[in-house]
Amino acid sequence: MEWNLEGVVFLRPPDVYIGTFDNAKMQARHERQMQDKLAQIKDALDREADPLKAMKILHVKDHLQFLRNNLGQFRQAGRLEEAVLVVYGRLNSPFSSGGDVEGWNDLFAVCDPERLYALGEPVAFTSATVYRGSVSGLARSLSWTPDRQRAEGFAERWKDPALGGGELCEVDIVKGDVMVYLRRRHEDEVLLKPAFIASAEIRPFRGKGM
């Protein structure tokens, strides 16, 4: 299969040492190993027809670039929505924005909403309050949780100003605001629609009765 590999890096540290050696023989051996590794990766990609499996052959840092390069193949294979969730889940966390917000919004925009929704759990509520604990300044992320204690734990972890300062936020949602409801990494995660979160009334969590 022919893939668009523009901007993709093939070496897979720490599998292959990417430094240099002062000893000429060791350096020559090192370069042969790198070329062998590169040939193995290229050969595996050439033989793989499934875009999601092809993406996983590469180093995880290359997944987003590969996905963007080959959106048409992912869509044609019915793997686009799953791939976007895989890459988003790896690059986003309570302490990392995972990259350009508009870039993620664009990727979710090209997904089929029904396919995306079907990859998650059914949304049982009509309305709910969801929470986000993260480094300060990342409240407009798409990722939230109905588990307040879990969100509090993330905010507590990063409360030290030297680590970015933690904050706990909440927002009221209805079922229609949810792109997909996921259960993974021992937690419930709600990905909210970009159009909603862009203008949502996000509040600092003050506790009950406040």
# chains A, B, ... in the order shown; residues from 1 in each chain; ligands from 1
$ residues_around --residues "segment 149-159 of chain A" --least-positions-apart "5" --cutoff "7 Å" --atoms "only C-alpha atoms" --output "list in words"
Pro94, Tyr131, Arg132, Gly133, Ser134, Val135, Gly164, Gly165, Gly166, Glu167 and Leu168 of chain A
$ select_by_dssp --residues "chain A" --states "helix (DSSP H, G or I)" --output "ChimeraX atom specification"
/A:24-47,51-57,60-69,71-76,80-91,101-109,113-118,148-157,161-163,175-177,194-199
$ write_last_selection --atoms "C-alpha atoms" --output "CSV table (one decimal), in the first residue's frame"
chain,number,residue,atom,x,y,z
A,24,ALA,CA,34.5,5.0,12.9
A,25,LYS,CA,33.6,1.3,12.9
A,26,MET,CA,31.0,1.7,15.6
A,27,GLN,CA,29.5,4.7,13.7
A,28,ALA,CA,29.4,2.6,10.5
A,29,ARG,CA,27.7,-0.2,12.3
A,30,HIS,CA,25.2,2.2,13.9
A,31,GLU,CA,24.3,3.7,10.5
A,32,ARG,CA,23.8,0.2,9.0
A,33,GLN,CA,21.4,-0.6,11.9
A,34,MET,CA,19.5,2.6,11.3
A,35,GLN,CA,19.1,1.8,7.6
A,36,ASP,CA,18.0,-1.8,8.4
A,37,LYS,CA,15.4,-0.4,10.8
A,38,LEU,CA,14.2,2.1,8.3
A,39,ALA,CA,13.9,-0.7,5.6
A,40,GLN,CA,11.9,-2.9,8.0
A,41,ILE,CA,9.5,-0.1,8.8
A,42,LYS,CA,9.0,0.8,5.1
A,43,ASP,CA,8.5,-2.9,4.2
A,44,ALA,CA,5.9,-3.3,6.9
A,45,LEU,CA,4.1,-0.2,5.7
A,46,ASP,CA,4.1,-1.4,2.1
A,47,ARG,CA,2.5,-4.7,3.1
A,51,PRO,CA,-4.5,2.5,7.7
A,52,LEU,CA,-4.9,2.2,11.5
A,53,LYS,CA,-2.5,-0.8,11.6
A,54,ALA,CA,-0.1,1.0,9.3
A,55,MET,CA,-0.2,4.0,11.7
A,56,LYS,CA,0.7,1.8,14.6
A,57,ILE,CA,3.8,0.5,12.9
A,60,VAL,CA,3.7,7.2,18.4
A,61,LYS,CA,5.0,10.7,17.8
A,62,ASP,CA,4.4,10.1,14.1
A,63,HIS,CA,0.8,9.0,14.4
A,64,LEU,CA,-0.8,12.4,14.2
A,65,GLN,CA,1.2,13.4,11.1
A,66,PHE,CA,0.4,10.1,9.4
A,67,LEU,CA,-3.3,10.4,10.2
A,68,ARG,CA,-3.4,13.9,8.7
A,69,ASN,CA,-1.5,12.8,5.6
A,71,LEU,CA,-7.3,11.1,5.9
A,72,GLY,CA,-8.9,9.8,2.7
A,73,GLN,CA,-7.6,6.3,3.2
A,74,PHE,CA,-8.7,6.2,6.8
A,75,ARG,CA,-12.2,7.4,5.8
A,76,GLN,CA,-12.4,4.9,2.9
A,80,LEU,CA,-11.1,7.5,10.6
A,81,GLU,CA,-13.1,8.0,13.7
A,82,GLU,CA,-11.3,5.3,15.7
A,83,ALA,CA,-7.9,6.6,14.6
A,84,VAL,CA,-8.8,10.2,15.7
A,85,LEU,CA,-9.8,8.9,19.1
A,86,VAL,CA,-6.7,6.8,19.4
A,87,VAL,CA,-4.4,9.7,18.6
A,88,TYR,CA,-6.3,12.2,20.7
A,89,GLY,CA,-6.3,9.9,23.7
A,90,ARG,CA,-2.5,9.6,23.5
A,91,LEU,CA,-1.7,13.2,23.0
A,101,VAL,CA,-6.9,23.3,19.5
A,102,GLU,CA,-8.0,24.3,16.0
A,103,GLY,CA,-6.2,21.3,14.6
A,104,TRP,CA,-8.1,18.9,16.8
A,105,ASN,CA,-11.4,20.7,16.1
A,106,ASP,CA,-10.7,20.3,12.3
A,107,LEU,CA,-10.0,16.5,12.8
A,108,PHE,CA,-13.2,15.9,14.7
A,109,ALA,CA,-15.1,18.0,12.1
A,113,PRO,CA,-20.7,12.1,14.1
A,114,GLU,CA,-22.7,8.9,14.2
A,115,ARG,CA,-19.7,6.7,13.8
A,116,LEU,CA,-17.8,8.7,16.4
A,117,TYR,CA,-20.7,8.5,18.9
A,118,ALA,CA,-21.1,4.8,18.3
A,148,ARG,CA,-15.7,14.9,40.2
A,149,GLN,CA,-13.3,13.1,42.6
A,150,ARG,CA,-11.2,11.9,39.6
A,151,ALA,CA,-11.0,15.5,38.3
A,152,GLU,CA,-10.1,16.8,41.8
A,153,GLY,CA,-7.2,14.3,41.9
A,154,PHE,CA,-5.8,15.7,38.7
A,155,ALA,CA,-6.1,19.3,39.9
A,156,GLU,CA,-4.5,18.4,43.2
A,157,ARG,CA,-1.5,16.8,41.4
A,161,PRO,CA,2.8,26.7,40.7
A,162,ALA,CA,6.1,25.2,39.6
A,163,LEU,CA,4.2,22.5,37.8
A,175,LYS,CA,-26.9,15.0,26.0
A,176,GLY,CA,-26.6,16.8,22.6
A,177,ASP,CA,-23.3,18.5,23.7
A,194,PRO,CA,-16.0,21.9,19.9
A,195,ALA,CA,-18.8,24.4,19.0
A,196,PHE,CA,-20.2,23.9,22.5
A,197,ILE,CA,-17.0,24.1,24.5
A,198,ALA,CA,-15.9,27.2,22.6
A,199,SER,CA,-18.7,29.3,24.2
$ atom_distance --atom1 "atom CA of Lys193 of chain A" --atom2 "atom CA of Ser143 of chain A"
9.7 Å
$ residues_around --residues "Ile202 of chain A" --least-positions-apart "3" --cutoff "9 Å" --atoms "only C-alpha atoms" --output "number ranges by chain"
A: 139-140, 169-172, 197, 199
$ atom_distance --atom1 "atom CA of Arg79 of chain A" --atom2 "atom CA of Thr145 of chain A"
25.3 Å
$ select_by_dssp --residues "segment 85-174 of chain A" --states "strand (DSSP E or B)" --output "list in words"
Ser93, Ser96, Ser127, Ala128, Thr129, Val130, Tyr131, Arg132, Gly133, Ser134, Val135, Ser143, Trp144, Thr145, Gly166, Glu167, Leu168, Cys169, Glu170, Val171, Asp172, Ile173 and Val174 of chain A
$ closest_residue --among "A:Val110, A:Met1, A:Ala77, A:Val190" --to "Ala128 of chain A" --atoms "only C-alpha atoms"
A:Val190
